[in-house]
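Chemist: Below is final-v6.cif; it holds mmCIF, C-alpha atoms.
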```
data_my_file
loop_
_atom_site.label_atom_id
_atom_site.label_comp_id
_atom_site.auth_asym_id
_atom_site.auth_seq_id
_atom_site.Cartn_x
_atom_site.Cartn_y
_atom_site.Cartn_z
CA MET A 279 105.13 64.21 105.66
CA ASN A 280 102.93 66.90 104.14
CA THR A 281 104.95 69.85 102.85
CA SER A 282 103.93 73.07 101.13
CA LEU A 283 105.56 76.15 99.63
CA GLU A 284 104.70 79.83 99.65
CA VAL A 285 106.78 81.97 97.29
CA GLU A 286 106.65 85.72 96.73
CA TYR A 287 107.67 87.15 93.36
CA TRP A 288 108.01 90.73 92.17
CA VAL A 289 105.73 91.65 89.27
CA VAL A 290 107.14 93.84 86.51
CA ASP A 291 105.97 95.20 83.17
CA SER A 292 107.79 94.83 79.83
CA ASP A 293 110.21 97.61 80.82
CA GLY A 294 111.17 95.99 84.12
CA GLU A 295 109.22 98.51 86.19
CA LEU A 296 107.46 97.18 89.27
CA THR A 297 103.71 96.94 88.77
CA SER A 298 100.58 95.51 90.37
CA PRO A 299 99.78 91.79 89.95
CA GLU A 300 96.13 92.61 89.17
CA SER A 301 94.61 89.51 87.51
CA LEU A 302 97.63 87.32 88.39
CA ALA A 303 96.36 87.24 91.95
CA ASP A 304 93.06 85.79 90.71
CA VAL A 305 94.44 82.85 88.75
CA SER A 306 93.39 80.35 91.43
CA ASP A 307 92.69 79.88 95.12
CA HIS A 308 96.46 79.53 95.58
CA THR A 309 97.43 82.96 94.21
CA GLU A 310 97.07 86.25 96.04
CA ARG A 311 98.45 89.74 96.50
CA GLU A 312 100.93 90.52 99.23
CA PHE A 313 100.90 93.46 101.61
CA VAL A 314 102.72 95.68 99.10
CA ASP A 315 101.40 96.21 95.59
CA PRO A 316 104.20 94.83 93.35
CA LEU A 317 104.39 91.52 95.23
CA PHE A 318 102.51 88.38 94.23
CA GLU A 319 102.38 85.15 96.26
CA LEU A 320 101.87 81.58 95.12
CA LYS A 321 100.85 79.02 97.75
CA THR A 322 100.78 75.30 97.11
CA PRO A 323 98.44 73.03 99.05
CA PRO A 324 100.04 70.50 101.43
CA CYS A 325 101.62 67.71 99.37
CA GLU A 326 102.32 64.19 100.63
CA SER A 327 105.61 63.79 98.76
CA MET A 328 108.31 65.93 97.22
CA SER A 329 107.36 64.57 93.81
CA GLU A 330 103.79 65.80 94.31
CA LEU A 331 105.03 69.17 95.58
CA ARG A 332 107.30 69.58 92.57
CA THR A 333 104.52 68.76 90.11
CA THR A 334 102.01 70.98 91.89
CA PHE A 335 104.34 73.96 92.15
CA VAL A 336 105.39 73.71 88.50
CA GLU A 337 101.79 73.42 87.29
CA GLN A 338 100.58 76.34 89.40
CA LEU A 339 103.46 78.61 88.42
CA ASP A 340 103.06 77.66 84.77
CA GLU A 341 99.41 78.71 84.94
CA VAL A 342 100.40 82.07 86.41
CA LEU A 343 103.07 82.67 83.77
CA ALA A 344 100.58 81.88 81.02
CA ARG A 345 98.27 84.56 82.40
CA ALA A 346 101.21 86.94 82.87
CA GLU A 347 102.17 86.61 79.20
CA ARG A 348 98.64 87.49 78.13
CA VAL A 349 98.62 90.67 80.25
CA ASP A 350 102.22 91.68 79.49
CA LYS A 351 103.58 91.09 83.00
CA ARG A 352 106.49 89.02 84.28
CA LEU A 353 107.62 87.50 87.58
CA VAL A 354 111.02 88.24 89.09
CA PRO A 355 112.80 85.78 91.47
CA LEU A 356 114.87 88.25 93.49
CA GLY A 357 114.93 88.80 97.26
CA THR A 358 114.77 92.58 96.75
CA PRO A 359 113.96 94.70 93.68
CA ILE A 360 117.69 95.73 93.62
CA ASN A 361 116.82 99.41 93.26
CA CYS A 362 113.49 101.11 92.66
CA GLY A 363 111.30 104.02 93.63
CA GLY A 364 109.23 103.97 96.79
CA ILE A 365 106.92 101.02 97.40
CA ASP A 366 103.59 101.66 99.08
CA ARG A 367 101.96 99.34 101.57
CA ARG A 368 98.47 98.24 100.58
CA PRO A 369 95.71 99.52 102.89
CA GLY A 370 95.00 97.30 105.88
CA GLU A 371 94.51 97.57 109.61
CA ARG A 372 97.12 94.96 110.47
CA GLY A 373 99.84 96.77 108.53
CA ARG A 374 98.76 100.12 109.97
CA ILE A 375 99.17 98.78 113.51
CA GLN A 376 102.55 97.22 112.75
CA GLU A 377 103.79 100.51 111.36
CA ALA A 378 102.49 102.37 114.43
CA VAL A 379 104.46 100.02 116.69
CA VAL A 380 107.61 99.33 114.68
CA GLY A 381 107.88 102.80 113.19
CA THR A 382 109.68 103.70 109.98
CA ASN A 383 111.84 100.55 110.25
CA PHE A 384 108.74 98.66 109.12
CA ASP A 385 109.38 100.10 105.65
CA TYR A 386 112.28 97.69 105.12
CA ALA A 387 109.86 94.78 104.87
CA LYS A 388 108.24 96.40 101.83
CA TYR A 389 111.35 95.62 99.77
CA CYS A 390 111.61 91.92 100.68
CA ALA A 391 110.41 88.87 98.73
CA GLY A 392 110.86 85.47 100.31
CA THR A 393 109.95 81.82 100.47
CA HIS A 394 108.15 80.01 103.29
CA VAL A 395 108.34 76.24 103.62
CA HIS A 396 105.72 74.47 105.74
CA PHE A 397 106.29 71.03 107.26
CA GLU A 398 103.54 68.97 108.84
CA LYS A 399 103.82 68.87 112.63
CA ARG A 400 105.26 65.65 114.00
CA ASN A 401 108.07 65.70 116.56
CA VAL A 402 107.54 69.42 116.98
CA THR A 403 110.35 70.22 119.42
CA ASP A 404 112.90 68.43 117.24
CA GLN A 405 111.45 70.09 114.14
CA LEU A 406 111.71 73.56 115.64
CA ASN A 407 115.27 73.01 116.82
CA ALA A 408 116.37 71.42 113.54
CA LEU A 409 115.02 74.33 111.47
CA ILE A 410 116.77 76.79 113.78
CA ALA A 411 120.02 74.89 113.25
CA LEU A 412 119.42 74.73 109.47
CA ASP A 413 118.88 78.47 109.15
CA PRO A 414 122.34 78.99 107.56
CA ALA A 415 120.96 77.06 104.56
CA LEU A 416 119.39 80.35 103.45
CA ALA A 417 122.81 81.00 101.86
CA LEU A 418 122.02 78.38 99.22
CA VAL A 419 119.39 80.58 97.59
CA ASN A 420 120.41 84.15 98.46
CA SER A 421 119.17 86.12 95.46
CA SER A 422 120.05 89.77 96.00
CA PRO A 423 122.97 91.60 97.64
CA TYR A 424 121.37 95.01 97.09
CA PHE A 425 118.91 97.25 98.89
CA GLN A 426 117.92 100.43 97.04
CA GLY A 427 121.01 100.12 94.90
CA GLU A 428 123.48 99.75 97.77
CA ARG A 429 125.42 96.56 98.34
CA VAL A 430 124.54 95.57 101.95
CA ALA A 431 125.09 91.80 102.28
CA ASN A 432 125.09 88.61 100.23
CA GLY A 433 121.54 88.13 101.49
CA ALA A 434 120.14 91.68 101.47
CA ARG A 435 116.59 90.58 102.25
CA ALA A 436 117.53 88.71 105.43
CA TYR A 437 119.87 91.53 106.43
CA CYS A 438 117.20 94.20 105.99
CA TYR A 439 114.48 92.15 107.60
CA ARG A 440 116.43 91.11 110.69
CA LYS A 441 118.95 93.88 111.21
CA LYS A 442 116.86 96.85 110.12
CA GLY A 443 113.14 96.08 110.06
CA TYR A 444 113.02 94.54 113.52
CA ALA A 445 116.13 96.15 115.01
CA GLU A 446 114.06 97.54 117.91
CA PHE A 447 112.04 94.33 118.29
CA PRO A 448 114.60 91.52 117.99
CA ARG A 449 112.37 88.97 119.72
CA HIS A 450 109.76 89.50 117.03
CA GLY A 451 111.93 89.16 113.95
CA GLN A 452 115.21 87.36 114.63
CA LEU A 453 116.31 83.77 115.17
CA TRP A 454 115.22 82.23 118.47
CA ASN A 455 117.21 79.89 120.69
CA TYR A 456 116.43 76.18 120.89
CA VAL A 457 113.59 74.97 123.12
CA ASP A 458 113.20 72.00 125.45
CA ASN A 459 109.50 71.59 124.70
CA VAL A 460 106.60 73.15 122.81
CA GLY A 461 105.25 74.76 125.97
CA GLU A 462 108.40 76.86 126.20
CA TRP A 463 107.87 78.08 122.63
CA ARG A 464 104.27 79.04 123.38
CA ARG A 465 105.30 80.95 126.49
CA ARG A 466 107.72 82.95 124.35
CA LEU A 467 104.87 83.77 121.96
CA GLU A 468 102.67 84.91 124.84
CA ARG A 469 105.42 87.23 126.10
CA CYS A 470 105.95 88.63 122.59
CA PHE A 471 102.23 89.27 122.23
CA GLU A 472 102.14 91.05 125.57
CA ALA A 473 105.14 93.20 124.62
CA PHE A 474 103.63 94.09 121.23
CA GLU A 475 100.26 94.88 122.78
CA ALA A 476 101.87 97.18 125.35
CA GLU A 477 103.78 99.05 122.64
CA ALA A 478 100.67 99.30 120.47
CA LEU A 479 98.58 100.70 123.32
CA GLU A 480 101.30 103.22 124.08
CA ALA A 481 101.26 104.23 120.40
CA GLY A 482 97.55 104.93 120.67
CA VAL A 483 96.18 101.80 118.99
CA ASP A 484 92.75 100.74 120.17
CA GLU A 485 92.78 97.55 122.26
CA ASP A 486 89.95 95.98 120.24
CA ALA A 487 91.89 96.61 117.01
CA ILE A 488 94.88 94.75 118.46
CA GLU A 489 92.73 91.80 119.49
CA ASP A 490 90.99 91.73 116.10
CA ASN A 491 94.22 91.67 114.09
CA PHE A 492 96.81 89.87 116.20
CA SER A 493 97.18 86.79 118.37
CA PRO A 494 100.12 84.92 119.90
CA ASP A 495 100.07 82.59 116.87
CA ASP A 496 100.86 85.41 114.42
CA ILE A 497 102.57 88.06 116.53
CA VAL A 498 106.14 87.21 115.48
CA TRP A 499 107.93 87.27 112.13
CA THR A 500 110.80 85.04 113.22
CA PRO A 501 112.66 82.83 110.72
CA VAL A 502 111.05 79.74 112.29
CA ARG A 503 107.40 79.78 113.31
CA LEU A 504 104.93 77.35 114.81
CA ARG A 505 101.61 77.69 113.00
CA ASP A 506 98.53 76.32 114.73
CA GLU A 507 96.28 77.44 111.90
CA MET A 508 97.95 75.25 109.24
CA PRO A 509 99.10 73.29 111.43
CA THR A 510 102.77 73.31 110.50
CA VAL A 511 106.29 74.21 111.48
CA GLU A 512 107.33 76.97 109.08
CA TRP A 513 110.76 78.03 107.82
CA ARG A 514 110.66 81.59 106.49
CA SER A 515 114.33 82.39 105.82
CA PRO A 516 114.97 81.70 102.12
CA ASP A 517 114.76 84.43 99.50
CA ALA A 518 112.55 84.26 96.48
CA ALA A 519 114.64 82.41 93.88
CA LEU A 520 114.38 80.31 90.74
CA PRO A 521 111.84 77.48 91.01
CA SER A 522 114.47 74.75 90.60
CA GLN A 523 116.59 76.28 93.37
CA LEU A 524 113.69 76.42 95.79
CA LEU A 525 112.57 72.88 95.01
CA ARG A 526 116.12 71.56 95.52
CA LEU A 527 116.45 73.36 98.84
CA THR A 528 113.02 72.22 100.02
CA ASP A 529 113.84 68.65 99.05
CA GLU A 530 117.05 68.63 101.08
CA VAL A 531 115.53 70.29 104.14
CA HIS A 532 112.61 67.86 103.83
CA GLY A 533 115.16 65.03 103.91
CA VAL A 534 116.52 66.24 107.25
CA MET A 535 113.01 66.68 108.62
CA GLU A 536 112.17 63.11 107.61
CA THR A 537 115.39 61.76 109.10
CA LEU A 538 114.74 63.29 112.51
CA HIS A 539 111.61 61.16 112.87
CA HIS A 540 113.67 57.98 112.64
CA THR A 541 116.76 58.82 114.64
CA ASN A 542 118.03 60.64 117.72
CA VAL A 543 118.40 64.42 117.70
CA GLN A 544 120.86 65.96 120.12
CA ILE A 545 122.43 69.38 120.65
CA ASP A 546 126.22 69.56 120.86
CA ASP A 547 127.52 70.90 124.15
CA GLU A 548 130.76 72.08 122.59
CA THR A 549 131.04 75.67 121.34
CA GLY A 550 132.39 76.34 117.84
CA GLY A 551 134.55 73.83 115.99
CA GLU A 552 133.14 71.53 113.33
CA ALA A 553 129.86 70.99 115.18
CA GLY A 554 126.71 69.64 113.62
CA HIS A 555 126.08 66.69 111.32
CA VAL A 556 123.26 64.60 109.85
CA THR A 557 123.74 60.87 109.32
CA SER A 558 121.49 57.83 109.32
CA GLU A 559 122.76 57.12 112.82
CA GLY A 560 121.73 60.46 114.28
CA ILE A 561 121.43 64.22 114.01
CA THR A 562 123.66 66.50 116.03
CA LEU A 563 122.82 70.19 116.09
CA PRO A 564 125.50 72.75 116.96
CA ASP A 565 125.06 74.83 120.10
CA PHE A 566 122.84 77.81 119.43
CA GLY A 567 125.68 80.34 119.52
CA THR A 568 127.43 78.48 116.73
CA ALA A 569 124.22 78.17 114.69
CA PHE A 570 123.54 81.88 115.12
CA ASP A 571 127.07 82.85 114.06
CA LEU A 572 126.83 80.60 111.00
CA THR A 573 123.54 82.24 110.06
CA GLU A 574 125.15 85.68 110.36
CA SER A 575 127.91 84.53 108.01
CA ALA A 576 125.33 83.05 105.64
CA ILE A 577 123.58 86.43 105.46
CA HIS A 578 126.73 88.52 105.05
CA ASP A 579 128.94 86.21 102.96
CA GLY A 580 126.73 83.40 101.66
CA LEU A 581 128.54 80.32 100.37
CA GLU A 582 131.74 82.37 100.15
CA SER A 583 132.02 81.64 103.88
CA ALA A 584 134.03 78.43 104.18
CA PRO A 585 132.60 77.58 107.63
CA VAL A 586 129.06 77.93 106.27
CA ALA A 587 129.81 75.74 103.25
CA ARG A 588 131.48 73.06 105.40
CA TYR A 589 128.64 73.12 107.89
CA LEU A 590 125.92 72.77 105.27
CA ASP A 591 127.86 69.90 103.71
CA ARG A 592 127.92 68.11 107.09
CA MET A 593 124.20 68.73 107.46
CA GLY A 594 123.49 66.89 104.20
CA PHE A 595 123.26 69.62 101.55
CA SER A 596 124.75 69.16 98.09
CA ILE A 597 126.64 72.45 98.05
CA ASP A 598 128.01 72.11 94.52
CA ASP A 599 124.48 71.90 93.08
CA TYR A 600 123.62 75.42 94.19
CA HIS A 601 124.48 78.58 92.30
CA PRO A 602 122.85 81.44 94.22
CA ILE A 603 121.69 84.40 92.17
CA ALA A 604 123.22 86.83 94.68
CA THR A 605 126.71 85.56 93.90
CA GLN A 606 126.09 85.87 90.16
CA ILE A 607 124.94 89.50 90.28
CA ASP A 608 127.27 90.69 93.05
CA GLY A 609 130.36 92.79 92.44
CA ARG A 610 129.12 96.37 92.35
CA GLN A 611 128.85 98.73 95.28
CA TYR A 612 125.91 100.49 93.65
CA VAL A 613 123.32 99.50 91.04
CA THR A 614 121.39 102.26 89.27
CA LYS A 615 117.64 102.05 88.80
CA GLY A 616 118.15 101.51 85.08
CA ASP A 617 120.52 98.60 85.66
CA ALA A 618 118.11 97.22 88.27
CA ARG A 619 115.32 97.20 85.68
CA ASP A 620 117.60 95.27 83.32
CA LEU A 621 118.44 92.75 86.06
CA ARG A 622 114.77 92.25 86.85
CA LEU A 623 114.02 91.53 83.19
CA GLU A 624 117.03 89.22 82.90
CA TYR A 625 115.91 87.13 85.86
CA ALA A 626 112.29 87.15 84.76
CA SER A 627 113.58 85.46 81.59
CA ARG A 628 115.67 83.04 83.62
CA LEU A 629 112.64 82.12 85.72
CA GLU A 630 110.67 81.36 82.56
CA THR A 631 113.49 79.23 81.15
CA ASP A 632 113.96 77.47 84.47
CA LEU A 633 110.27 76.60 84.61
CA ASP A 634 110.36 75.31 81.03
CA ARG A 635 113.11 72.88 82.04
CA LEU A 636 111.23 71.80 85.13
CA ARG A 637 108.03 71.30 83.17
CA ALA A 638 109.88 69.14 80.62
CA THR A 639 111.25 66.84 83.32
CA THR A 640 107.95 66.77 85.21
CA ASP A 641 105.99 65.94 82.05
CA GLY A 642 108.54 63.27 81.24
#
```
Is it possible to express this structure as structure tokens?
Modeler:
Amino acid sequence: MNTSLEVEYWVVDSDGELTSPESLADVSDHTEREFVDPLFELKTPPCESMSELRTTFVEQLDEVLARAERVDKRLVPLGTPINCGGIDRRPGERGRIQEAVVGTNFDYAKYCAGTHVHFEKRNVTDQLNALIALDPALALVNSSPYFQGERVANGARAYCYRKKGYAEFPRHGQLWNYVDNVGEWRRRLERCFEAFEAEALEAGVDEDAIEDNFSPDDIVWTPVRLRDEMPTVEWRSPDAALPSQLLRLTDEVHGVMETLHHTNVQIDDETGGEAGHVTSEGITLPDFGTAFDLTESAIHDGLESAPVARYLDRMGFSIDDYHPIATQIDGRQYVTKGDARDLRLEYASRLETDLDRLRATTDG
């Protein structure tokens, strides 16, 4: 099953200050700027195996870090910058329209760096439902509890994105319920597009500008998306994190996605309890209410939530192998900008060390 990764990293200078990627975005066809200036994105091509994905990701990131060293820049694997000055959105019609519709809440997205995992479409309904049920796995790589210095949740990025950025448009940015078929998913997208278009027109956006910049395929920013362009089923929930953490998580989610093609997938009718499990004999997903509640706990408490940890264990994740950055840097109610700069530099160094280890095992 073809799988690919898209990872956003903050770019900082030698003092830990956020800065523009500049030439880092031009390293290859798989590197580019994001919609805010200090963010850089690395995109792997679709890879046929996890071994190929690992090798490709390590090689591409190594190439970027080599360029970064030459231009005195570094990459930071944190879901938010911890604390910083204002971040400006790069010019663009699509962003301008989003801001006109969403309002000032759209600013929260400017402080979020995440990971998107793309899986080749196969049994699409089962894939969509499985990724919805696996959304609590974001806890495994939560990498920042802080937004503008304040401690807001174990997963500050997911909290800000879902609870703040799209608070007025929950259908466009929060976790969706399971579906019975792909047609149902597409009807939801059509309704979301119609709602967004109506709000945009009311805000004074030209109809042609809406049509030129948006379509039902890209009108939502939900944690799980169906992408016709790729074509893939995409999971967008994890934070930016260390390369080894992201590869481990992708590998284990990939394992579930492979398993569902060879076994039965069913949704538990019972509410709460110890619902949900993945075995060679079948996959049982918890009812949506339970999955949603577990995701809420994963955002607020991470792996400190016993129900989340037990659930992820039943779903096939090796919990003890994960050491989320958020848990390691948590403990303060407020982080100053100076301390945030130090944390960014510390985790830029950890990213470089982590990649060195990965490169050694990949080369071996």
Chemist: Using only C-alpha atoms, pick whichever of A:Val586, A:Leu406, A:Leu296, A:Val498 has the shortest atom-to-atom distance to Arg352 of chain A.
Modeler: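 Distance minimum relative to Arg352 of chain A lands on A:Leu296.
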Chemist: Using all atoms listed in the file - which residues lie no farther than 9 Å from the point (118.1, 79.8, 91.1) in the file's frame? Write them as a ChimeraX atom specification.
Modeler: /A:355,419-421,518-524,600-603,628-629,632
Chemist: May I have the selected residues written with C-alpha atoms, as a compact mmCIF listing (two decimals), in the coordinates of the input?
Modeler:
```txt
# COMPACT_ATOMS: atom_id res chain seq x y z
CA PRO A 355 112.80 85.78 91.47
CA VAL A 419 119.39 80.58 97.59
CA ASN A 420 120.41 84.15 98.46
CA SER A 421 119.17 86.12 95.46
CA ALA A 518 112.55 84.26 96.48
CA ALA A 519 114.64 82.41 93.88
CA LEU A 520 114.38 80.31 90.74
CA PRO A 521 111.84 77.48 91.01
CA SER A 522 114.47 74.75 90.60
CA GLN A 523 116.59 76.28 93.37
CA LEU A 524 113.69 76.42 95.79
CA TYR A 600 123.62 75.42 94.19
CA HIS A 601 124.48 78.58 92.30
CA PRO A 602 122.85 81.44 94.22
CA ILE A 603 121.69 84.40 92.17
CA ARG A 628 115.67 83.04 83.62
CA LEU A 629 112.64 82.12 85.72
CA ASP A 632 113.96 77.47 84.47
```
Chemist: Find the spatial neighbours of Glu530 of chain A, counting only C-alpha atoms, within a cut-off of 8 Å - ignore same-chain residues fewer than 4 positions away - and output them as a ChimeraX atom specification.
Modeler: /A:526,534,594-595
Chemist: With the file shown as input, list the residues that the PyMOL selection byres ((chain A and resi 284) around 10) selects, as a compact mmCIF listing (two decimals) with C-alpha atoms, keeping the file's coordinate frame.
Modeler:
```
# COMPACT_ATOMS: atom_id res chain seq x y z
CA SER A 282 103.93 73.07 101.13
CA LEU A 283 105.56 76.15 99.63
CA VAL A 285 106.78 81.97 97.29
CA GLU A 286 106.65 85.72 96.73
CA HIS A 308 96.46 79.53 95.58
CA THR A 309 97.43 82.96 94.21
CA GLU A 319 102.38 85.15 96.26
CA LEU A 320 101.87 81.58 95.12
CA LYS A 321 100.85 79.02 97.75
CA THR A 322 100.78 75.30 97.11
CA PRO A 323 98.44 73.03 99.05
CA PHE A 335 104.34 73.96 92.15
CA GLY A 392 110.86 85.47 100.31
CA THR A 393 109.95 81.82 100.47
CA HIS A 394 108.15 80.01 103.29
CA VAL A 395 108.34 76.24 103.62
CA HIS A 396 105.72 74.47 105.74
CA ARG A 514 110.66 81.59 106.49
CA ALA A 518 112.55 84.26 96.48
```
Chemist: Which of these residues is nearest to Lys442 of chain A, using all atoms listed in the file: A:Arg400, A:Arg619, A:Arg465, A:Lys388?
Modeler: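 Smallest separation from Lys442 of chain A among the options: A:Lys388.
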Chemist: Could you list, as a PyMOL selection string, every residue within 12 Å of Glu536 of chain A, counting only C-alpha atoms and ignoring same-chain residues fewer than 6 positions away?
Modeler: chain A and resi 279-281+327-328+397-401+404-405+408+528-530+542-543+556-558+560-561
Chemist: For the residues selected in the previous step, produce a file with C-alpha atoms as a PDB file, in the frame of the given file.
Modeler:
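Ended up saving to again13.pdb:
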```pdb
ATOM      1  CA  MET A 279     105.130  64.210 105.660  1.00  0.00           C
ATOM      2  CA  ASN A 280     102.930  66.900 104.140  1.00  0.00           C
ATOM      3  CA  THR A 281     104.950  69.850 102.850  1.00  0.00           C
ATOM      4  CA  SER A 327     105.610  63.790  98.760  1.00  0.00           C
ATOM      5  CA  MET A 328     108.310  65.930  97.220  1.00  0.00           C
ATOM      6  CA  PHE A 397     106.290  71.030 107.260  1.00  0.00           C
ATOM      7  CA  GLU A 398     103.540  68.970 108.840  1.00  0.00           C
ATOM      8  CA  LYS A 399     103.820  68.870 112.630  1.00  0.00           C
ATOM      9  CA  ARG A 400     105.260  65.650 114.000  1.00  0.00           C
ATOM     10  CA  ASN A 401     108.070  65.700 116.560  1.00  0.00           C
ATOM     11  CA  ASP A 404     112.900  68.430 117.240  1.00  0.00           C
ATOM     12  CA  GLN A 405     111.450  70.090 114.140  1.00  0.00           C
ATOM     13  CA  ALA A 408     116.370  71.420 113.540  1.00  0.00           C
ATOM     14  CA  THR A 528     113.020  72.220 100.020  1.00  0.00           C
ATOM     15  CA  ASP A 529     113.840  68.650  99.050  1.00  0.00           C
ATOM     16  CA  GLU A 530     117.050  68.630 101.080  1.00  0.00           C
ATOM     17  CA  ASN A 542     118.030  60.640 117.720  1.00  0.00           C
ATOM     18  CA  VAL A 543     118.400  64.420 117.700  1.00  0.00           C
ATOM     19  CA  VAL A 556     123.260  64.600 109.850  1.00  0.00           C
ATOM     20  CA  THR A 557     123.740  60.870 109.320  1.00  0.00           C
ATOM     21  CA  SER A 558     121.490  57.830 109.320  1.00  0.00           C
ATOM     22  CA  GLY A 560     121.730  60.460 114.280  1.00  0.00           C
ATOM     23  CA  ILE A 561     121.430  64.220 114.010  1.00  0.00           C
TER      24      ILE A 561
END
```
Chemist: Have a look at atom CA of Asp598 of chain A and atom CA of Gly580 of chain A and let me know their distance in Å, one decimal.
Modeler: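 Taking atom CA of Asp598 of chain A as the start and atom CA of Gly580 of chain A as the end point, the length is 13.4 Å.
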Chemist: Which one of A:Ser515, A:Leu621, A:His532, A:Gln544 sits closest to Ala415 of chain A if you count only C-alpha atoms?
Modeler: A:Ser515
Chemist: One decimal, Å: what's the distance from atom CA of Arg374 of chain A over to atom CA of Leu453 of chain A, could you say?
Modeler: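 Between these atoms lies a distance of 24.5 Å.
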Chemist: Step by step, gather every atom of segment 562-569 of chain A that the file lists, find the box along x, y and z that holds them, add 5 Å on each side, and finally give centre and edge lengths in Å to one decimal, as JSON.
Modeler:
```
{"center_x": 125.1, "center_y": 73.4, "center_z": 117.4, "size_x": 14.6, "size_y": 23.8, "size_z": 15.4}
```
Chemist: Considering only C-alpha atoms, can you say which of A:Phe474, A:Asn432, A:Ala626, A:Arg637 comes closest to Trp288 of chain A?
Modeler: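 Using only C-alpha atoms, Trp288 of chain A sits closest to A:Ala626.
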Chemist: When distances are computed from all atoms listed in the file, which of A:Tyr439, A:Glu371, A:Gly451, A:Asp599 shows the smallest separation from Asp486 of chain A?
Modeler: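 Nearest to Asp486 of chain A: A:Glu371.
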Chemist: Pick the closest to Asp579 of chain A from A:Arg429, A:Tyr625, A:Lys615, A:His539: which is it, counting all atoms listed in the file?
Modeler: A:Arg429
Chemist: Could you pull segment 626-637 of chain A out of the structure just shown and give N, CA and C atoms as a PDB file, in the first residue's frame?
Modeler:
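Result file follows (part.pdb):
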```pdb
ATOM      1  N   ALA A 626      15.878  21.430  18.092  1.00  0.00           N
ATOM      2  CA  ALA A 626      16.553  21.403  16.803  1.00  0.00           C
ATOM      3  C   ALA A 626      17.760  20.468  16.880  1.00  0.00           C
ATOM      4  N   SER A 627      18.493  20.539  17.999  1.00  0.00           N
ATOM      5  CA  SER A 627      19.637  19.635  18.197  1.00  0.00           C
ATOM      6  C   SER A 627      19.183  18.194  18.303  1.00  0.00           C
ATOM      7  N   ARG A 628      18.080  17.974  19.010  1.00  0.00           N
ATOM      8  CA  ARG A 628      17.579  16.599  19.150  1.00  0.00           C
ATOM      9  C   ARG A 628      17.122  16.040  17.808  1.00  0.00           C
ATOM     10  N   LEU A 629      16.539  16.886  16.974  1.00  0.00           N
ATOM     11  CA  LEU A 629      16.147  16.422  15.638  1.00  0.00           C
ATOM     12  C   LEU A 629      17.390  15.984  14.857  1.00  0.00           C
ATOM     13  N   GLU A 630      18.446  16.772  14.920  1.00  0.00           N
ATOM     14  CA  GLU A 630      19.664  16.448  14.188  1.00  0.00           C
ATOM     15  C   GLU A 630      20.277  15.147  14.686  1.00  0.00           C
ATOM     16  N   THR A 631      20.285  14.959  16.011  1.00  0.00           N
ATOM     17  CA  THR A 631      20.813  13.720  16.581  1.00  0.00           C
ATOM     18  C   THR A 631      19.942  12.534  16.209  1.00  0.00           C
ATOM     19  N   ASP A 632      18.646  12.737  16.270  1.00  0.00           N
ATOM     20  CA  ASP A 632      17.690  11.677  15.916  1.00  0.00           C
ATOM     21  C   ASP A 632      17.892  11.246  14.468  1.00  0.00           C
ATOM     22  N   LEU A 633      18.080  12.199  13.577  1.00  0.00           N
ATOM     23  CA  LEU A 633      18.276  11.859  12.174  1.00  0.00           C
ATOM     24  C   LEU A 633      19.602  11.140  11.969  1.00  0.00           C
ATOM     25  N   ASP A 634      20.633  11.529  12.713  1.00  0.00           N
ATOM     26  CA  ASP A 634      21.914  10.832  12.620  1.00  0.00           C
ATOM     27  C   ASP A 634      21.735   9.358  12.959  1.00  0.00           C
ATOM     28  N   ARG A 635      20.983   9.079  14.005  1.00  0.00           N
ATOM     29  CA  ARG A 635      20.752   7.673  14.396  1.00  0.00           C
ATOM     30  C   ARG A 635      19.970   6.929  13.321  1.00  0.00           C
ATOM     31  N   LEU A 636      18.948   7.581  12.785  1.00  0.00           N
ATOM     32  CA  LEU A 636      18.166   6.953  11.731  1.00  0.00           C
ATOM     33  C   LEU A 636      19.022   6.696  10.495  1.00  0.00           C
ATOM     34  N   ARG A 637      19.837   7.639  10.154  1.00  0.00           N
ATOM     35  CA  ARG A 637      20.687   7.491   8.963  1.00  0.00           C
ATOM     36  C   ARG A 637      21.665   6.323   9.161  1.00  0.00           C
TER      37      ARG A 637
END
```
